[in-house]
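Participant: Mind having a look at this structure? Questions to follow.
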Amino acid sequence: MRAPPQHRLRRLRRRPPPGPLDYGRHLWMRLTMLATFVFLYAPIITLVAFSFNDSRRNVVWRGFTVKYYLKAWHNDGLIEAFTNSLTIAVISTAVSTVIGAMVALQLWRFRFPFKGAYEGGMALPIVIPEICMGVAMLAFFSRTYWPTDLIWPFNLSAIIIAHISFSFPFVAVVVRARLASFNREFEEAAKDLGASEWRVLRDVLLPHMAPGLVAGALLAFTLSLDDFVITFFTSGPDTVTFPVKIYSMVRFSVTPEVNAASAVLIAITLALTATAMFLQNRAGQKMR
Amino acid sequence: MNNAMNNAIVQVRGAVKTFAGVATAVDHVSLDIFEGEFFALLGPSGCGKTTFMRMLAGLEIPDRGEILIDGRDMTGVPPNRRPVNMVFQSYAVFPHMSVLANIAYGLKVTGVGAADIRRRVDEALQLVQLGGLEQRMPAQLSGGQLQRVALARALVKRPRVLLLDEPLSALDAKLREAMQLELVKLQHAVGITFIIVTHDQQEALSMADRIAVMEKGKVRQVAPPAELYEYPRSYFVADFIGKMNLFHGRASGDGAVAVEQLGEIKIPGNSSAGRVGIAVRPEKVKLFRDAPRPGFTAFKSTVDNIAYHGSESYVFATTESGAAIAATVQNESRDSKLPAVGDSIWCGWRAEDTLVLEE
Amino acid sequence: MDNWRKNPRVFWILSAPPALWLLGFFLLPLALIWAYSFGHKEGIIGIAISWTPDNYLRALDPLYLQIFLKSFWFAGMTTAVCLIVALPVSLAITFAPARWKALLLVLVILPFWTNLLIRTYALIAVLRTRGFLNAGLESVWDSVDGVARAVGLDGLGAFTPPQLLYNNFAVVFGLVYVHLPFMVLPLYAALDRMDRSHLEASLDLGAGQFRTFFSITVPLAMPGILSGVVITFIPALGSFLTPDLLGGTESQMIANVIERQFKSANDWPFGSALSFILMYITFFALALRAFFSRGRSAMDT
């Protein structure tokens, strides 16, 4: 039955008063939410906005410009740091995804003595303060006389190793959560049909793990790209990463050039996050 | 039932509730519920009965219409200021409080004195037979006991109306039957108006003084159980309550109805015209070897199937015109004679047992 | 789950690489600074491990004890502020219409994915003497001043921007800014898991919204609140970047002292000891949470 037009309009306009649990519709709750989101976003948004500001004094808007992006682009140190960061992120992501997936499979599949302690050990890199891991890595690489004067990209090995150490446990957590939804009867059916362990892994388990692997890899990539503290302790004068470079620039002074470089990094991380969410969403829909 | 029944304690006028994106949950419902009554809201899941009850409790706000409880307009009155209390489907017994604290909670938050609380809680515990369990935590109780806590917690507040949302659905069959009886006894003992939401017609028929049958947000019929069973007004109600032989037909206005698959039948005293539903209860259908005497509406049929149910048997037959008819035969003696599958019989019922329904 | 003996070959293939990696590139470095923490400097760069407790005793020196206390104070303040802000926010998200919920959650998590250094840097621009906050304050000041003069009062005088950066306030502000999502997510998870009919029952029984919040919502969400408190407190306590960039000389935290021992003071044994004290505190907080959540689940069953 179709309602007469004005009747419908009235229904659209007049919303019933909030129910007793519609907390989100109370004014003071909305104000709290609004204030929180302003608090969370205003600094980042102004940072990005003022990277386009045609003024060295940041606080007043003097007109639109991209000259600080060009300046950042022509800053060799910055570009080198950026290349280093990407290289480190790619390699450490690849390795930590493989190792993390192995941990996930092992913990999901097997019962073994001291499993609780083993799991605790694997969670350690996640829980211990970054600074402790940083100084431990510094001590380790200096004590082992780890070579630092190799040619690029081998001179980045210490940083890459440190990044793998703190990111593979995160990958393991993400992949294991995905594995929890796996119905082991598929595996048994495949074996029943004559598949070997390897075939089962390739044909049945890996396709199921795929969304978890992608999400884990993207997490590892972002963690690596973002890390400052641990990298700060493992990098040398010739192995500067993007965050370390920005850190030294920030210590120096607040300039729009830093804003521009930061805005680029924010854009990259947001794009990666959006991709991860999109992929997970799509995988979730496909499964349904 | 008592003589205070003329006193409407709940009055609902044109209540409407629409959920965003969903069909109208409660669609222009007007209803009076009387003081001291045991009232049931019955309907299939999603018919709006729970939403309607939650509106009485103040947990949902109607888009339109008004609700009066005890003569007071409830618009803008939050749930904590309404003279009604509710037993939730999940019982909602607070897991972090003992039985005692759960039952005392409603009194404590409204500032009742400690001595009074103690006395009233003790009374409530006796009423629902939970004495001795007051120090237990909810996790240590069975489903039946949790329900008694939920009941005591609501009753201790001495509400004007007690709302029960599918109170028995989580219990097993045996316990459910016992609780049905107990709830009725309890209602007589405390004299409070009970409104119960249920999808189980047996439950509603056996417990309630009056039943409102709901479908798609609308109240289809309000009547005492026997009236609802014997005189359903609409096709939906006839189909929903009990077993029924149902047909579609067209009434001509002079007592004759052209019924699909059956042919024309006469219904004395019926003057409706247009599309109607025609129905007859299986227990009203009698089986005959030969054509019965006049006064019966009867059809020559063949027996398709017989289902034995202990106290009774169902005989399923098909008329020559192709209509399916079910009849209930009481197994009154151990050697009750039933027709055999394939037998040719007459299925007939007294003309006045034919129900004419709104489509 | 299979016993590992059922298929030892697969078990060892899967466990060897991660186990060896963890051992070689994580546990070994930790063991090294653990050993260092019992050593002393020898010459300029040498470290002799002499199993002396001196480094730990030195941490008890009032100078360092005070820094520990300050770190606890900062982390505690941060946790408290985050809790107070996150409770209404997560409550509103939990009871928001389904189509808003996902968006609001993403909005809470998103800053989390933005580089910590950049977010901290963004705060500098907000907080510094000629920053946005002071600019805002100044315009408010000026308009109040203008109104006061217009009605014939003395006025407030010239605006002197308060020092918002390089002090304790800036550090706590920055820590709250960085750690708020850590608090919102577990709170939201706990509130969302909660059976709503408990809240409705409380309202139905006559309790008002505030009473319901404190008597029912908070106790039922307690596991989530504890989780949130622990996972906010731990990283806040070990923060390095926020006090380093936003704090003054008076607002340094443990991590800054540790960094100084390794980078400029060149006293690795002492820095190692401080690191381990920080780790022990972390483990203690985690154990506390495990203990409480175990106690809760035992009560529930």
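Naming scheme: A, B, ... for chains in displayed order of the structure tokens; residues 1 onward per chain; ligands 1 onward as shown.
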Residues at most 8 Å from segment 252-260 of chain A, counting only C-alpha atoms, excluding those fewer than 6 positions away in the same chain, as a list in words?
Facilitator: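 Counting only C-alpha atoms, the residues come to Leu47, Val48, Phe50, Ser51, Phe52, Asn53, Ser55, Arg56, Asn58, Tyr68, Tyr69, Lys71, Ala72 and Ile246 of chain A; Ala125 of chain C.
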Participant: Filtering to C-alpha atoms, could you give me those residues as a PDB file, in the first residue's frame?
Facilitator:
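Result file again-v7.pdb:
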```
ATOM      1  CA  LEU A  47      49.294  19.214   9.373  1.00  0.00           C
ATOM      2  CA  VAL A  48      48.263  18.113   5.889  1.00  0.00           C
ATOM      3  CA  PHE A  50      49.515  23.498   6.066  1.00  0.00           C
ATOM      4  CA  SER A  51      51.811  21.446   3.873  1.00  0.00           C
ATOM      5  CA  PHE A  52      50.116  23.412   1.088  1.00  0.00           C
ATOM      6  CA  ASN A  53      50.507  26.735   2.865  1.00  0.00           C
ATOM      7  CA  SER A  55      54.362  30.466   4.318  1.00  0.00           C
ATOM      8  CA  ARG A  56      57.214  29.340   6.478  1.00  0.00           C
ATOM      9  CA  ASN A  58      52.845  27.831   9.816  1.00  0.00           C
ATOM     10  CA  TYR A  68      57.201  22.175  -0.326  1.00  0.00           C
ATOM     11  CA  TYR A  69      56.350  18.898  -2.031  1.00  0.00           C
ATOM     12  CA  LYS A  71      61.340  20.752  -2.210  1.00  0.00           C
ATOM     13  CA  ALA A  72      60.893  17.446  -0.420  1.00  0.00           C
ATOM     14  CA  ILE A 246      61.789  13.091   9.736  1.00  0.00           C
TER      15      ILE A 246
ATOM     16  CA  ALA C 125      52.169  22.581  15.567  1.00  0.00           C
TER      17      ALA C 125
END
```
Participant: Which residues of chain C sit at most 6 Å from chain A, using only C-alpha atoms? Give each one's shortest atom pair and distance in Å (one decimal place), in chain and ascending residue order, as a tab-separated table.
Facilitator:
```
residue	atom	partner	partner_atom	distance
C:Met1	CA	A:Arg109	CA	5.2
C:Asp2	CA	A:Phe110	CA	4.8
C:Asn3	CA	A:Arg111	CA	4.7
C:Trp4	CA	A:Phe110	CA	5.3
C:Leu14	CA	A:Met102	CA	5.3
C:Pro18	CA	A:Ile99	CA	5.5
C:Pro29	CA	A:Phe140	CA	5.0
C:Leu30	CA	A:Ala136	CA	5.4
C:Ile33	CA	A:Ala136	CA	5.8
C:Val89	CA	A:Met33	CA	5.8
C:Ala92	CA	A:Gly24	CA	4.4
C:Phe95	CA	A:Asp22	CA	5.9
C:Ala96	CA	A:Gly24	CA	5.5
C:Thr114	CA	A:Ile266	CA	5.9
C:Asn115	CA	A:Asp226	CA	5.2
C:Ala122	CA	A:Pro43	CA	5.3
C:Leu123	CA	A:Pro43	CA	6.0
C:Gly238	CA	A:Pro129	CA	5.6
C:Ser275	CA	A:Cys132	CA	5.3
```
Participant: Those same residues - N, CA and C atoms - I'd like them written as a PDB file, in the first residue's frame.
Facilitator:
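Saved to selection-v7.pdb:
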```
ATOM      1  N   MET C   1      42.874 -30.701  17.074  1.00  0.00           N
ATOM      2  CA  MET C   1      44.324 -30.473  17.183  1.00  0.00           C
ATOM      3  C   MET C   1      45.067 -31.800  17.299  1.00  0.00           C
ATOM      4  N   ASP C   2      46.146 -31.912  16.577  1.00  0.00           N
ATOM      5  CA  ASP C   2      46.903 -33.170  16.596  1.00  0.00           C
ATOM      6  C   ASP C   2      48.028 -33.104  17.606  1.00  0.00           C
ATOM      7  N   ASN C   3      48.367 -34.272  18.117  1.00  0.00           N
ATOM      8  CA  ASN C   3      49.604 -34.363  18.889  1.00  0.00           C
ATOM      9  C   ASN C   3      50.765 -34.230  17.910  1.00  0.00           C
ATOM     10  N   TRP C   4      51.826 -33.539  18.349  1.00  0.00           N
ATOM     11  CA  TRP C   4      52.924 -33.287  17.405  1.00  0.00           C
ATOM     12  C   TRP C   4      53.577 -34.592  16.950  1.00  0.00           C
ATOM     13  N   LEU C  14      57.568 -26.784  10.363  1.00  0.00           N
ATOM     14  CA  LEU C  14      56.854 -25.552  10.691  1.00  0.00           C
ATOM     15  C   LEU C  14      57.500 -24.796  11.844  1.00  0.00           C
ATOM     16  N   PRO C  18      60.657 -20.311  12.654  1.00  0.00           N
ATOM     17  CA  PRO C  18      60.265 -19.254  13.614  1.00  0.00           C
ATOM     18  C   PRO C  18      60.952 -19.394  14.967  1.00  0.00           C
ATOM     19  N   PRO C  29      69.345 -11.315  21.891  1.00  0.00           N
ATOM     20  CA  PRO C  29      69.587  -9.905  22.233  1.00  0.00           C
ATOM     21  C   PRO C  29      69.093  -9.536  23.633  1.00  0.00           C
ATOM     22  N   LEU C  30      67.907 -10.064  24.000  1.00  0.00           N
ATOM     23  CA  LEU C  30      67.399  -9.760  25.339  1.00  0.00           C
ATOM     24  C   LEU C  30      68.322 -10.345  26.401  1.00  0.00           C
ATOM     25  N   ILE C  33      71.367  -8.124  26.915  1.00  0.00           N
ATOM     26  CA  ILE C  33      71.271  -6.940  27.787  1.00  0.00           C
ATOM     27  C   ILE C  33      70.935  -7.353  29.219  1.00  0.00           C
ATOM     28  N   VAL C  89      32.375   7.482  24.689  1.00  0.00           N
ATOM     29  CA  VAL C  89      32.538   7.286  23.248  1.00  0.00           C
ATOM     30  C   VAL C  89      32.194   5.847  22.869  1.00  0.00           C
ATOM     31  N   ALA C  92      28.479   5.176  23.149  1.00  0.00           N
ATOM     32  CA  ALA C  92      27.719   5.735  22.030  1.00  0.00           C
ATOM     33  C   ALA C  92      27.901   4.881  20.777  1.00  0.00           C
ATOM     34  N   PHE C  95      25.851   1.549  20.990  1.00  0.00           N
ATOM     35  CA  PHE C  95      24.410   1.642  20.822  1.00  0.00           C
ATOM     36  C   PHE C  95      24.013   2.497  19.617  1.00  0.00           C
ATOM     37  N   ALA C  96      24.978   2.776  18.750  1.00  0.00           N
ATOM     38  CA  ALA C  96      24.666   3.520  17.532  1.00  0.00           C
ATOM     39  C   ALA C  96      23.979   2.577  16.550  1.00  0.00           C
ATOM     40  N   THR C 114      48.227   5.851  11.447  1.00  0.00           N
ATOM     41  CA  THR C 114      49.070   6.956  10.995  1.00  0.00           C
ATOM     42  C   THR C 114      50.326   6.954  11.854  1.00  0.00           C
ATOM     43  N   ASN C 115      51.419   7.251  11.222  1.00  0.00           N
ATOM     44  CA  ASN C 115      52.707   7.195  11.891  1.00  0.00           C
ATOM     45  C   ASN C 115      52.726   7.975  13.211  1.00  0.00           C
ATOM     46  N   ALA C 122      52.523  16.543  14.565  1.00  0.00           N
ATOM     47  CA  ALA C 122      51.327  17.354  14.329  1.00  0.00           C
ATOM     48  C   ALA C 122      50.922  18.092  15.612  1.00  0.00           C
ATOM     49  N   LEU C 123      51.135  17.426  16.751  1.00  0.00           N
ATOM     50  CA  LEU C 123      50.777  18.060  18.018  1.00  0.00           C
ATOM     51  C   LEU C 123      51.672  19.264  18.327  1.00  0.00           C
ATOM     52  N   GLY C 238      56.111   2.988  28.750  1.00  0.00           N
ATOM     53  CA  GLY C 238      57.377   2.839  28.040  1.00  0.00           C
ATOM     54  C   GLY C 238      57.569   3.836  26.919  1.00  0.00           C
ATOM     55  N   SER C 275      66.118  -1.070  31.468  1.00  0.00           N
ATOM     56  CA  SER C 275      65.246  -1.755  30.506  1.00  0.00           C
ATOM     57  C   SER C 275      64.568  -2.942  31.153  1.00  0.00           C
TER      58      SER C 275
END
```
Participant: Find the residues in chain B near chain A: any atom within 8 Å counts, using only C-alpha atoms. Write them as number ranges by chain.
Facilitator: B: 58-63, 78-79
Participant: So that I have them on file, write out the residues from the current selection with C-alpha atoms, as a PDB file, in the first residue's frame.
Facilitator:
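Okay, result-v9.pdb is ready:
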```
ATOM      1  CA  GLY B  58       9.009   2.136  27.898  1.00  0.00           C
ATOM      2  CA  LEU B  59      11.926   0.332  26.242  1.00  0.00           C
ATOM      3  CA  GLU B  60      10.677   1.309  22.801  1.00  0.00           C
ATOM      4  CA  ILE B  61       9.179   4.699  22.060  1.00  0.00           C
ATOM      5  CA  PRO B  62       6.146   4.596  19.734  1.00  0.00           C
ATOM      6  CA  ASP B  63       6.360   6.804  16.651  1.00  0.00           C
ATOM      7  CA  PRO B  78      11.122   6.635  31.048  1.00  0.00           C
ATOM      8  CA  PRO B  79      11.034   2.901  31.873  1.00  0.00           C
TER       9      PRO B  79
END
```
Participant: Per residue of chain C within 9 Å of chain B, note the shortest atom pair and the distance in Å to one decimal, counting only C-alpha atoms, and order the rows by chain and increasing residue number, as a tab-separated table.
Facilitator:
```
residue	atom	partner	partner_atom	distance
C:Asp195	CA	B:Ala92	CA	7.7
C:Arg196	CA	B:Ala92	CA	8.5
C:Ser197	CA	B:Ala92	CA	5.6
C:His198	CA	B:Ala92	CA	4.9
C:Leu199	CA	B:Ala92	CA	8.5
C:Glu200	CA	B:Leu59	CA	7.0
C:Ala201	CA	B:Ala92	CA	6.5
C:Ser202	CA	B:Gly106	CA	7.5
C:Leu203	CA	B:Asn80	CA	4.9
C:Asp204	CA	B:Asn80	CA	5.1
C:Leu205	CA	B:Gly106	CA	4.6
C:Gly206	CA	B:Asn80	CA	3.8
C:Ala207	CA	B:Val109	CA	5.4
C:Gly208	CA	B:Asn80	CA	6.2
C:Gln209	CA	B:Asn80	CA	8.8
C:Arg211	CA	B:Val109	CA	7.7
C:Ile216	CA	B:Phe94	CA	7.6
C:Pro219	CA	B:His96	CA	7.3
C:Leu220	CA	B:His96	CA	7.3
C:Met299	CA	B:Ala139	CA	7.5
C:Asp300	CA	B:Ala139	CA	5.8
C:Thr301	CA	B:Ala139	CA	5.8
```
Participant: Please return, as number ranges by chain, all residues of segment 52-153 of chain C that DSSP assigns to alpha helix (DSSP H) on the basis of the backbone.
Facilitator: C: 54-59, 62-94, 98-109, 116-127, 132-150
Participant: Could you pull the residues within 12 Å of Ile281 of chain C, counting only C-alpha atoms, minus those fewer than 4 positions along the same chain, as an mmCIF file with N, CA and C atoms, in the first residue's frame?
Facilitator:
```cif
data_model
loop_
_atom_site.group_PDB
_atom_site.id
_atom_site.type_symbol
_atom_site.label_atom_id
_atom_site.label_comp_id
_atom_site.auth_asym_id
_atom_site.auth_seq_id
_atom_site.Cartn_x
_atom_site.Cartn_y
_atom_site.Cartn_z
ATOM 1 N N VAL A 127 54.518 -7.607 23.327
ATOM 2 C CA VAL A 127 54.208 -6.953 24.597
ATOM 3 C C VAL A 127 55.352 -6.140 25.200
ATOM 4 N N ILE A 128 56.605 -6.487 24.899
ATOM 5 C CA ILE A 128 57.655 -5.748 25.606
ATOM 6 C C ILE A 128 57.777 -4.333 25.041
ATOM 7 N N PRO A 129 58.128 -3.389 25.902
ATOM 8 C CA PRO A 129 58.225 -2.004 25.431
ATOM 9 C C PRO A 129 59.229 -1.886 24.280
ATOM 10 N N PHE C 68 61.033 7.228 37.635
ATOM 11 C CA PHE C 68 60.076 6.124 37.599
ATOM 12 C C PHE C 68 58.705 6.585 38.076
ATOM 13 N N SER C 71 57.073 8.660 35.520
ATOM 14 C CA SER C 71 56.556 7.852 34.419
ATOM 15 C C SER C 71 55.234 7.207 34.808
ATOM 16 N N PHE C 72 55.202 6.672 36.039
ATOM 17 C CA PHE C 72 53.965 6.066 36.523
ATOM 18 C C PHE C 72 52.843 7.098 36.556
ATOM 19 N N VAL C 230 45.130 -1.896 31.103
ATOM 20 C CA VAL C 230 46.467 -2.495 30.991
ATOM 21 C C VAL C 230 47.099 -2.164 29.651
ATOM 22 N N PHE C 233 48.086 1.460 29.667
ATOM 23 C CA PHE C 233 49.118 1.812 30.643
ATOM 24 C C PHE C 233 50.504 1.325 30.200
ATOM 25 N N ILE C 234 50.581 0.086 29.706
ATOM 26 C CA ILE C 234 51.888 -0.485 29.378
ATOM 27 C C ILE C 234 52.635 0.333 28.322
ATOM 28 N N PRO C 235 52.037 0.569 27.144
ATOM 29 C CA PRO C 235 52.804 1.358 26.171
ATOM 30 C C PRO C 235 53.016 2.803 26.624
ATOM 31 N N LEU C 237 53.608 3.782 29.622
ATOM 32 C CA LEU C 237 54.721 3.784 30.572
ATOM 33 C C LEU C 237 56.061 3.737 29.851
ATOM 34 N N GLY C 238 56.111 2.988 28.750
ATOM 35 C CA GLY C 238 57.377 2.839 28.040
ATOM 36 C C GLY C 238 57.569 3.836 26.919
ATOM 37 N N ILE C 254 61.109 7.069 31.731
ATOM 38 C CA ILE C 254 62.135 6.017 31.818
ATOM 39 C C ILE C 254 62.807 5.776 30.477
ATOM 40 N N LEU C 274 67.847 -0.687 33.624
ATOM 41 C CA LEU C 274 66.588 0.078 33.567
ATOM 42 C C LEU C 274 65.595 -0.583 32.611
ATOM 43 N N SER C 275 66.118 -1.070 31.468
ATOM 44 C CA SER C 275 65.246 -1.755 30.506
ATOM 45 C C SER C 275 64.568 -2.942 31.153
ATOM 46 N N PHE C 276 65.365 -3.717 31.904
ATOM 47 C CA PHE C 276 64.764 -4.902 32.510
ATOM 48 C C PHE C 276 63.772 -4.554 33.605
ATOM 49 N N ILE C 277 64.049 -3.488 34.337
ATOM 50 C CA ILE C 277 63.058 -3.071 35.340
ATOM 51 C C ILE C 277 61.740 -2.717 34.641
ATOM 52 N N ALA C 285 52.169 -6.096 35.178
ATOM 53 C CA ALA C 285 50.852 -5.568 34.790
ATOM 54 C C ALA C 285 50.071 -6.609 34.003
ATOM 55 N N LEU C 286 50.773 -7.319 33.096
ATOM 56 C CA LEU C 286 50.093 -8.347 32.298
ATOM 57 C C LEU C 286 49.608 -9.483 33.184
ATOM 58 N N ALA C 287 50.448 -9.868 34.158
ATOM 59 C CA ALA C 287 50.072 -10.953 35.059
ATOM 60 C C ALA C 287 48.854 -10.547 35.876
ATOM 61 N N LEU C 288 48.839 -9.289 36.277
ATOM 62 C CA LEU C 288 47.711 -8.770 37.057
ATOM 63 C C LEU C 288 46.413 -8.882 36.257
#
```
Participant: Find the residues near Thr50 of chain B: any atom within 9 Å, counting only C-alpha atoms, skip ones fewer than 3 places away on the same chain, and give them as a PyMOL selection string.
Facilitator: chain B and resi 41+45-47+53-55+165-166+197-198
Participant: Counting only C-alpha atoms, what is within 10 Å of Gly295 of chain B, bar same-chain residues fewer than 5 positions away, as a count of residues only?
Facilitator: 7
Participant: Would you kindly return, as a PyMOL selection string, each protein, DNA or RNA residue with an atom no farther than 8 Å from any atom of segment 77-84 of chain A, considering only C-alpha atoms and excluding same-chain residues fewer than 3 positions away?
Facilitator: chain A and resi 72-74+87-88+156+239-242+245
Participant: The selected residues should be written to file as a PDB file, in the first residue's frame (atoms: N, CA and C atoms).
Facilitator:
```
ATOM      1  N   ALA A  72      60.679  18.751  -1.038  1.00  0.00           N
ATOM      2  CA  ALA A  72      60.893  17.446  -0.420  1.00  0.00           C
ATOM      3  C   ALA A  72      61.377  16.453  -1.467  1.00  0.00           C
ATOM      4  N   TRP A  73      60.812  16.554  -2.665  1.00  0.00           N
ATOM      5  CA  TRP A  73      61.163  15.660  -3.759  1.00  0.00           C
ATOM      6  C   TRP A  73      62.631  15.837  -4.151  1.00  0.00           C
ATOM      7  N   HIS A  74      63.123  17.083  -4.068  1.00  0.00           N
ATOM      8  CA  HIS A  74      64.506  17.334  -4.455  1.00  0.00           C
ATOM      9  C   HIS A  74      65.473  17.197  -3.302  1.00  0.00           C
ATOM     10  N   THR A  87      62.383  -0.374   0.929  1.00  0.00           N
ATOM     11  CA  THR A  87      63.134  -1.616   0.762  1.00  0.00           C
ATOM     12  C   THR A  87      63.022  -2.479   2.011  1.00  0.00           C
ATOM     13  N   ILE A  88      63.237  -1.850   3.148  1.00  0.00           N
ATOM     14  CA  ILE A  88      63.157  -2.583   4.417  1.00  0.00           C
ATOM     15  C   ILE A  88      61.763  -3.163   4.597  1.00  0.00           C
ATOM     16  N   LEU A 156      71.383  -2.648   5.091  1.00  0.00           N
ATOM     17  CA  LEU A 156      70.143  -2.475   5.849  1.00  0.00           C
ATOM     18  C   LEU A 156      69.792  -3.725   6.651  1.00  0.00           C
ATOM     19  N   THR A 239      72.359   4.473   7.035  1.00  0.00           N
ATOM     20  CA  THR A 239      71.136   3.686   6.871  1.00  0.00           C
ATOM     21  C   THR A 239      69.979   4.389   7.564  1.00  0.00           C
ATOM     22  N   VAL A 240      69.669   5.563   7.037  1.00  0.00           N
ATOM     23  CA  VAL A 240      68.593   6.354   7.635  1.00  0.00           C
ATOM     24  C   VAL A 240      67.265   5.962   6.986  1.00  0.00           C
ATOM     25  N   THR A 241      66.248   5.758   7.806  1.00  0.00           N
ATOM     26  CA  THR A 241      64.918   5.477   7.242  1.00  0.00           C
ATOM     27  C   THR A 241      64.084   6.751   7.283  1.00  0.00           C
ATOM     28  N   PHE A 242      62.922   6.679   6.653  1.00  0.00           N
ATOM     29  CA  PHE A 242      62.069   7.843   6.540  1.00  0.00           C
ATOM     30  C   PHE A 242      61.680   8.437   7.906  1.00  0.00           C
ATOM     31  N   LYS A 245      64.656  10.028   9.504  1.00  0.00           N
ATOM     32  CA  LYS A 245      65.000  11.283   8.824  1.00  0.00           C
ATOM     33  C   LYS A 245      64.052  12.409   9.282  1.00  0.00           C
TER      34      LYS A 245
END
```
